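To be precise, the following lines are upload-v3.pdb, and they hold PDB, C-alpha atoms, pLDDT in the B column.
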ATOM      1  CA  MET A  26       6.618  17.365  20.868  1.00 92.00           C
ATOM      2  CA  ALA A  27       3.841  14.971  21.778  1.00 94.00           C
ATOM      3  CA  LEU A  28       3.330  11.272  22.241  1.00 97.00           C
ATOM      4  CA  VAL A  29       1.518   9.873  19.218  1.00 98.00           C
ATOM      5  CA  LYS A  30       0.190   6.316  19.256  1.00 98.00           C
ATOM      6  CA  LEU A  31       0.247   4.684  15.853  1.00 98.00           C
ATOM      7  CA  THR A  32      -0.648   1.194  14.683  1.00 98.00           C
ATOM      8  CA  ILE A  33       1.589   0.339  11.754  1.00 98.00           C
ATOM      9  CA  ASN A  34       1.335  -3.094  10.134  1.00 98.00           C
ATOM     10  CA  ASN A  35      -0.667  -4.297  13.162  1.00 98.00           C
ATOM     11  CA  GLN A  36       2.121  -3.273  15.554  1.00 98.00           C
ATOM     12  CA  PRO A  37       1.593  -0.526  18.161  1.00 98.00           C
ATOM     13  CA  HIS A  38       4.128   2.308  18.255  1.00 98.00           C
ATOM     14  CA  THR A  39       4.191   5.235  20.669  1.00 98.00           C
ATOM     15  CA  ILE A  40       6.449   7.927  19.285  1.00 98.00           C
ATOM     16  CA  ASP A  41       7.463  11.340  20.619  1.00 98.00           C
ATOM     17  CA  VAL A  42       7.227  13.706  17.655  1.00 98.00           C
ATOM     18  CA  ASP A  43       5.932  17.073  16.548  1.00 97.00           C
ATOM     19  CA  PRO A  44       2.222  16.341  15.958  1.00 96.00           C
ATOM     20  CA  GLU A  45       2.492  17.973  12.518  1.00 97.00           C
ATOM     21  CA  MET A  46       5.396  15.765  11.436  1.00 98.00           C
ATOM     22  CA  PRO A  47       4.390  14.086   8.173  1.00 98.00           C
ATOM     23  CA  LEU A  48       3.437  10.460   8.661  1.00 98.00           C
ATOM     24  CA  LEU A  49       6.098   9.533   6.085  1.00 98.00           C
ATOM     25  CA  TRP A  50       8.911  10.734   8.357  1.00 98.00           C
ATOM     26  CA  ALA A  51       7.356   9.104  11.422  1.00 98.00           C
ATOM     27  CA  ILE A  52       7.230   5.795   9.536  1.00 98.00           C
ATOM     28  CA  ARG A  53      10.721   6.048   8.023  1.00 98.00           C
ATOM     29  CA  ASP A  54      12.835   7.988  10.518  1.00 98.00           C
ATOM     30  CA  VAL A  55      11.196   7.228  13.850  1.00 98.00           C
ATOM     31  CA  VAL A  56       9.742   3.733  13.399  1.00 98.00           C
ATOM     32  CA  GLY A  57      12.440   2.630  10.922  1.00 98.00           C
ATOM     33  CA  LEU A  58      10.301   1.207   8.105  1.00 98.00           C
ATOM     34  CA  THR A  59      12.009   2.501   4.967  1.00 97.00           C
ATOM     35  CA  GLY A  60       9.951   0.849   2.216  1.00 97.00           C
ATOM     36  CA  THR A  61       7.743   3.929   1.882  1.00 97.00           C
ATOM     37  CA  LYS A  62       9.614   6.504  -0.203  1.00 97.00           C
ATOM     38  CA  PHE A  63       9.860  10.290  -0.314  1.00 97.00           C
ATOM     39  CA  GLY A  64       9.262  11.643  -3.785  1.00 96.00           C
ATOM     40  CA  CYS A  65       7.961  15.184  -3.875  1.00 95.00           C
ATOM     41  CA  GLY A  66       6.751  16.250  -0.437  1.00 96.00           C
ATOM     42  CA  ILE A  67       3.533  17.771  -1.828  1.00 97.00           C
ATOM     43  CA  ALA A  68       1.369  14.651  -2.349  1.00 96.00           C
ATOM     44  CA  GLN A  69       1.668  14.766  -6.137  1.00 96.00           C
ATOM     45  CA  CYS A  70       3.826  11.750  -7.079  1.00 97.00           C
ATOM     46  CA  GLY A  71       2.456   8.866  -4.983  1.00 97.00           C
ATOM     47  CA  ALA A  72       5.825   7.409  -3.927  1.00 97.00           C
ATOM     48  CA  CYS A  73       4.820   7.825  -0.263  1.00 98.00           C
ATOM     49  CA  THR A  74       1.467   6.004  -0.545  1.00 98.00           C
ATOM     50  CA  VAL A  75       0.399   3.949   2.469  1.00 98.00           C
ATOM     51  CA  HIS A  76      -3.012   2.685   3.544  1.00 98.00           C
ATOM     52  CA  LEU A  77      -4.952   4.359   6.330  1.00 98.00           C
ATOM     53  CA  ASP A  78      -7.802   2.042   7.340  1.00 98.00           C
ATOM     54  CA  GLY A  79      -7.411   0.386   3.930  1.00 96.00           C
ATOM     55  CA  ALA A  80      -7.569   3.581   1.861  1.00 97.00           C
ATOM     56  CA  PRO A  81      -4.506   4.960   0.044  1.00 97.00           C
ATOM     57  CA  ILE A  82      -3.135   8.251   1.358  1.00 98.00           C
ATOM     58  CA  ARG A  83      -0.041  10.297   0.613  1.00 98.00           C
ATOM     59  CA  SER A  84       1.960  10.072   3.811  1.00 98.00           C
ATOM     60  CA  CYS A  85       4.264  12.992   2.949  1.00 98.00           C
ATOM     61  CA  SER A  86       1.472  15.482   3.596  1.00 98.00           C
ATOM     62  CA  TYR A  87      -0.543  13.669   6.273  1.00 98.00           C
ATOM     63  CA  PRO A  88       0.256  14.647   9.879  1.00 98.00           C
ATOM     64  CA  ALA A  89       1.353  11.762  12.085  1.00 98.00           C
ATOM     65  CA  SER A  90      -1.065  12.910  14.798  1.00 98.00           C
ATOM     66  CA  ALA A  91      -4.012  12.595  12.385  1.00 98.00           C
ATOM     67  CA  ALA A  92      -3.154   8.912  11.888  1.00 98.00           C
ATOM     68  CA  ALA A  93      -3.458   8.111  15.604  1.00 98.00           C
ATOM     69  CA  GLY A  94      -6.252   5.638  16.222  1.00 97.00           C
ATOM     70  CA  HIS A  95      -6.191   4.376  12.631  1.00 98.00           C
ATOM     71  CA  LYS A  96      -4.693   1.261  11.060  1.00 98.00           C
ATOM     72  CA  ILE A  97      -1.685   2.123   8.891  1.00 98.00           C
ATOM     73  CA  THR A  98      -0.326  -0.389   6.395  1.00 98.00           C
ATOM     74  CA  THR A  99       2.979   0.127   4.614  1.00 98.00           C
ATOM     75  CA  ILE A 100       4.559  -1.926   1.840  1.00 98.00           C
ATOM     76  CA  GLU A 101       6.268  -4.000   4.549  1.00 97.00           C
ATOM     77  CA  GLY A 102       2.845  -4.903   5.941  1.00 98.00           C
ATOM     78  CA  LEU A 103       1.370  -6.385   2.759  1.00 96.00           C
ATOM     79  CA  SER A 104       3.128  -9.732   3.180  1.00 95.00           C
ATOM     80  CA  LYS A 105       6.134 -11.187   4.939  1.00 90.00           C
ATOM     81  CA  ASN A 106       7.654 -12.781   1.826  1.00 93.00           C
ATOM     82  CA  ALA A 107       6.564 -10.490  -1.023  1.00 92.00           C
ATOM     83  CA  ASP A 108       3.874 -13.047  -1.840  1.00 95.00           C
ATOM     84  CA  HIS A 109       0.886 -10.735  -2.017  1.00 97.00           C
ATOM     85  CA  PRO A 110      -0.724 -11.258  -5.471  1.00 98.00           C
ATOM     86  CA  VAL A 111       0.129  -7.690  -6.516  1.00 98.00           C
ATOM     87  CA  GLN A 112       3.762  -8.079  -5.473  1.00 97.00           C
ATOM     88  CA  LYS A 113       3.990 -11.384  -7.328  1.00 97.00           C
ATOM     89  CA  ALA A 114       2.442  -9.821 -10.452  1.00 98.00           C
ATOM     90  CA  TRP A 115       4.927  -6.942 -10.254  1.00 97.00           C
ATOM     91  CA  ILE A 116       7.766  -9.460 -10.346  1.00 96.00           C
ATOM     92  CA  GLU A 117       6.148 -11.605 -13.062  1.00 97.00           C
ATOM     93  CA  HIS A 118       5.689  -8.599 -15.371  1.00 97.00           C
ATOM     94  CA  GLN A 119       9.054  -7.038 -14.486  1.00 96.00           C
ATOM     95  CA  VAL A 120       7.371  -3.759 -13.595  1.00 97.00           C
ATOM     96  CA  PRO A 121      10.235  -2.019 -11.764  1.00 93.00           C
ATOM     97  CA  GLN A 122      13.036  -0.340 -13.609  1.00 92.00           C
ATOM     98  CA  CYS A 123      14.594   2.017 -11.088  1.00 92.00           C
ATOM     99  CA  GLY A 124      12.073   0.819  -8.496  1.00 90.00           C
ATOM    100  CA  TYR A 125      11.766   4.104  -6.638  1.00 92.00           C
ATOM    101  CA  CYS A 126       8.016   4.574  -7.099  1.00 95.00           C
ATOM    102  CA  GLN A 127       7.126   0.919  -6.742  1.00 96.00           C
ATOM    103  CA  SER A 128       6.029   0.775  -3.103  1.00 97.00           C
ATOM    104  CA  GLY A 129       3.563   3.594  -3.747  1.00 98.00           C
ATOM    105  CA  GLN A 130       2.414   2.036  -7.011  1.00 98.00           C
ATOM    106  CA  ILE A 131       1.839  -1.322  -5.328  1.00 98.00           C
ATOM    107  CA  MET A 132      -0.043   0.203  -2.402  1.00 98.00           C
ATOM    108  CA  SER A 133      -2.345   2.081  -4.805  1.00 98.00           C
ATOM    109  CA  ALA A 134      -2.889  -1.072  -6.887  1.00 98.00           C
ATOM    110  CA  VAL A 135      -3.772  -3.114  -3.785  1.00 98.00           C
ATOM    111  CA  ALA A 136      -6.311  -0.484  -2.725  1.00 98.00           C
ATOM    112  CA  LEU A 137      -7.807  -0.462  -6.232  1.00 98.00           C
ATOM    113  CA  LEU A 138      -8.216  -4.249  -6.313  1.00 98.00           C
ATOM    114  CA  LYS A 139      -9.736  -4.277  -2.844  1.00 97.00           C
ATOM    115  CA  GLN A 140     -12.350  -1.765  -3.990  1.00 97.00           C
ATOM    116  CA  ASN A 141     -12.733  -3.053  -7.559  1.00 98.00           C
ATOM    117  CA  PRO A 142     -11.615  -6.676  -8.030  1.00 97.00           C
ATOM    118  CA  LYS A 143     -12.063  -6.630 -11.842  1.00 98.00           C
ATOM    119  CA  PRO A 144     -10.958  -3.160 -12.981  1.00 98.00           C
ATOM    120  CA  SER A 145     -11.083  -2.018 -16.590  1.00 98.00           C
ATOM    121  CA  GLU A 146      -8.170  -0.194 -18.239  1.00 97.00           C
ATOM    122  CA  GLU A 147      -9.971   3.078 -17.506  1.00 97.00           C
ATOM    123  CA  ASP A 148     -10.489   2.089 -13.845  1.00 98.00           C
ATOM    124  CA  ILE A 149      -6.781   1.328 -13.526  1.00 98.00           C
ATOM    125  CA  ASP A 150      -5.741   4.591 -15.180  1.00 97.00           C
ATOM    126  CA  THR A 151      -8.077   6.568 -12.916  1.00 97.00           C
ATOM    127  CA  ALA A 152      -6.964   4.840  -9.713  1.00 97.00           C
ATOM    128  CA  MET A 153      -3.273   5.039 -10.564  1.00 97.00           C
ATOM    129  CA  GLN A 154      -3.180   8.589 -11.951  1.00 95.00           C
ATOM    130  CA  GLY A 155      -1.727   9.994  -8.733  1.00 93.00           C
ATOM    131  CA  ASN A 156       1.308   7.707  -8.982  1.00 97.00           C
ATOM    132  CA  ILE A 157       4.101   8.884 -11.240  1.00 96.00           C
ATOM    133  CA  CYS A 158       6.584   6.407 -12.703  1.00 96.00           C
ATOM    134  CA  ARG A 159       9.607   8.328 -13.957  1.00 94.00           C
ATOM    135  CA  CYS A 160      10.662   5.277 -15.998  1.00 94.00           C
ATOM    136  CA  GLY A 161       7.308   5.059 -17.788  1.00 95.00           C
ATOM    137  CA  THR A 162       6.407   1.448 -16.977  1.00 96.00           C
ATOM    138  CA  TYR A 163       2.680   2.191 -17.062  1.00 96.00           C
ATOM    139  CA  GLU A 164       1.844  -0.584 -19.548  1.00 97.00           C
ATOM    140  CA  ARG A 165       3.574  -3.166 -17.339  1.00 97.00           C
ATOM    141  CA  ILE A 166       1.771  -1.740 -14.300  1.00 98.00           C
ATOM    142  CA  ARG A 167      -1.603  -2.239 -16.050  1.00 98.00           C
ATOM    143  CA  LYS A 168      -0.689  -5.821 -17.040  1.00 98.00           C
ATOM    144  CA  ALA A 169       0.436  -6.606 -13.494  1.00 98.00           C
ATOM    145  CA  ILE A 170      -2.799  -5.250 -12.022  1.00 98.00           C
ATOM    146  CA  HIS A 171      -4.851  -7.392 -14.417  1.00 98.00           C
ATOM    147  CA  SER A 172      -2.742 -10.458 -13.519  1.00 98.00           C
ATOM    148  CA  ALA A 173      -3.158  -9.816  -9.792  1.00 98.00           C
ATOM    149  CA  SER A 174      -6.891  -9.377 -10.324  1.00 98.00           C
ATOM    150  CA  THR A 175      -7.091 -12.763 -12.030  1.00 97.00           C
ATOM    151  CA  GLU A 176      -5.033 -14.473  -9.326  1.00 95.00           C
ATOM    152  CA  MET A 177      -7.070 -12.895  -6.543  1.00 95.00           C
ATOM    153  CA  ALA A 178     -10.338 -13.950  -8.222  1.00 93.00           C
ATOM    154  CA  SER A 179      -9.170 -17.566  -8.484  1.00 90.00           C
ATOM    155  CA  ALA A 180      -7.826 -17.784  -4.927  1.00 79.00           C
ATOM    156  CA  PRO A 181      -9.880 -19.961  -2.591  1.00 77.00           C
ATOM    157  CA  LYS A 182     -12.185 -17.926  -0.411  1.00 69.00           C
ATOM    158  CA  MET A 183     -11.836 -18.291   3.333  1.00 61.00           C
ATOM    159  CA  PRO A 184     -15.051 -18.553   5.336  1.00 59.00           C
ATOM    160  CA  LYS A 185     -15.953 -15.346   7.122  1.00 59.00           C
ATOM    161  CA  SER A 186     -16.549 -17.213  10.346  1.00 55.00           C
ATOM    162  CA  THR A 187     -15.712 -20.639  11.612  1.00 52.00           C
ATOM    163  CA  PRO A 188     -18.720 -22.743  12.545  1.00 52.00           C
ATOM    164  CA  LYS A 189     -18.840 -23.610  16.217  1.00 54.00           C
ATOM    165  CA  ILE A 190     -18.466 -27.259  16.971  1.00 54.00           C
ATOM    166  CA  GLY A 191     -20.567 -28.372  19.912  1.00 54.00           C
ATOM    167  CA  LYS A 192     -19.432 -30.661  22.690  1.00 49.00           C
ATOM    168  CA  ARG A 193     -20.396 -34.294  22.411  1.00 45.00           C
TER
END
How would this structure read if it were set down as structure tokens?
Amino acid sequence: MALVKLTINNQPHTIDVDPEMPLLWAIRDVVGLTGTKFGCGIAQCGACTVHLDGAPIRSCSYPASAAAGHKITTIEGLSKNADHPVQKAWIEHQVPQCGYCQSGQIMSAVALLKQNPKPSEEDIDTAMQGNICRCGTYERIRKAIHSASTEMASAPKMPKSTPKIGKR
């Protein structure tokens, strides 16, 4: 056992775990965030996808100790009210059937749109190929990603820095 310091959804957590414990189990069983799902345990289905410094990883095969010092984002960290554009598009297009794979699908879609704001069908298929949907809602997933892309492109842009106002 070892103390591992993780930052999950901008919150610090110091946990006492086997350093080789998969990040998935640290997130779910130790920290108590259960939105990230276990699917296969061998990083092949994508249900356990989280972001590590903004990049999608399969948390079922990633040691918790390797995530120390990095920013981890889970499905719970995307938005407080499920109002992230991808989450809203998922609802609008009724993507989930059983819903089991959805947190991993959404996390992969968010990473795709961050890297490629206007993806083609081929871009979407390539980025999402590591996420299996047992219910076969792939067409709805593509439509939702395109809708989120459009919404994100039309959202007002925030300035990168606030101009300093001098004293009078």
Asp43 of chain A: which residues within 10 Å, counting only C-alpha atoms, same-chain residues fewer than 4 positions away excluded, as a ChimeraX atom specification? /A:26-29,47,51,88-90
Please produce an output containing C-alpha atoms for each residue in the selection, written as an mmCIF file, in the frame of the given file.
data_model
loop_
_atom_site.group_PDB
_atom_site.id
_atom_site.type_symbol
_atom_site.label_atom_id
_atom_site.label_comp_id
_atom_site.auth_asym_id
_atom_site.auth_seq_id
_atom_site.Cartn_x
_atom_site.Cartn_y
_atom_site.Cartn_z
ATOM 1 C CA MET A 26 6.618 17.365 20.868
ATOM 2 C CA ALA A 27 3.841 14.971 21.778
ATOM 3 C CA LEU A 28 3.330 11.272 22.241
ATOM 4 C CA VAL A 29 1.518 9.873 19.218
ATOM 5 C CA PRO A 47 4.390 14.086 8.173
ATOM 6 C CA ALA A 51 7.356 9.104 11.422
ATOM 7 C CA PRO A 88 0.256 14.647 9.879
ATOM 8 C CA ALA A 89 1.353 11.762 12.085
ATOM 9 C CA SER A 90 -1.065 12.910 14.798
#
Segment 138-152 of chain A environment, 10 Å, only C-alpha atoms, sequence neighbours closer than 2 positions dropped, as a ChimeraX atom specification: /A:79-80,111,133-136,154-156,163,166-168,170-171,173-175,177-178
Taking only C-alpha atoms into account, which of A:Gly94, A:Gly161, A:Gly71, A:Gly57 comes nearest Pro121 of chain A? A:Gly161
Could you tell me, as number ranges by chain, exactly which residues end up selected when the PyMOL selection byres ((chain A and resi 112) around 10) is applied to this structure? A: 100, 103-104, 106-111, 113-117, 120, 127-128, 131-132, 134-135, 169-170, 173
Give me, please, the distance in Å between atom CA of Thr98 of chain A and atom CA of Gln130 of chain A, quoted to one decimal. 13.9 Å
Could you state the separation of atom CA of Cys70 of chain A and atom CA of Ile157 of chain A in Å, given to one decimal place? 5.1 Å
Starting from the PyMOL selection byres ((chain A and resi 159) around 9), expand the selection into actual residues of this file and give them as a PyMOL selection string. chain A and resi 123+125-126+157-158+160-162
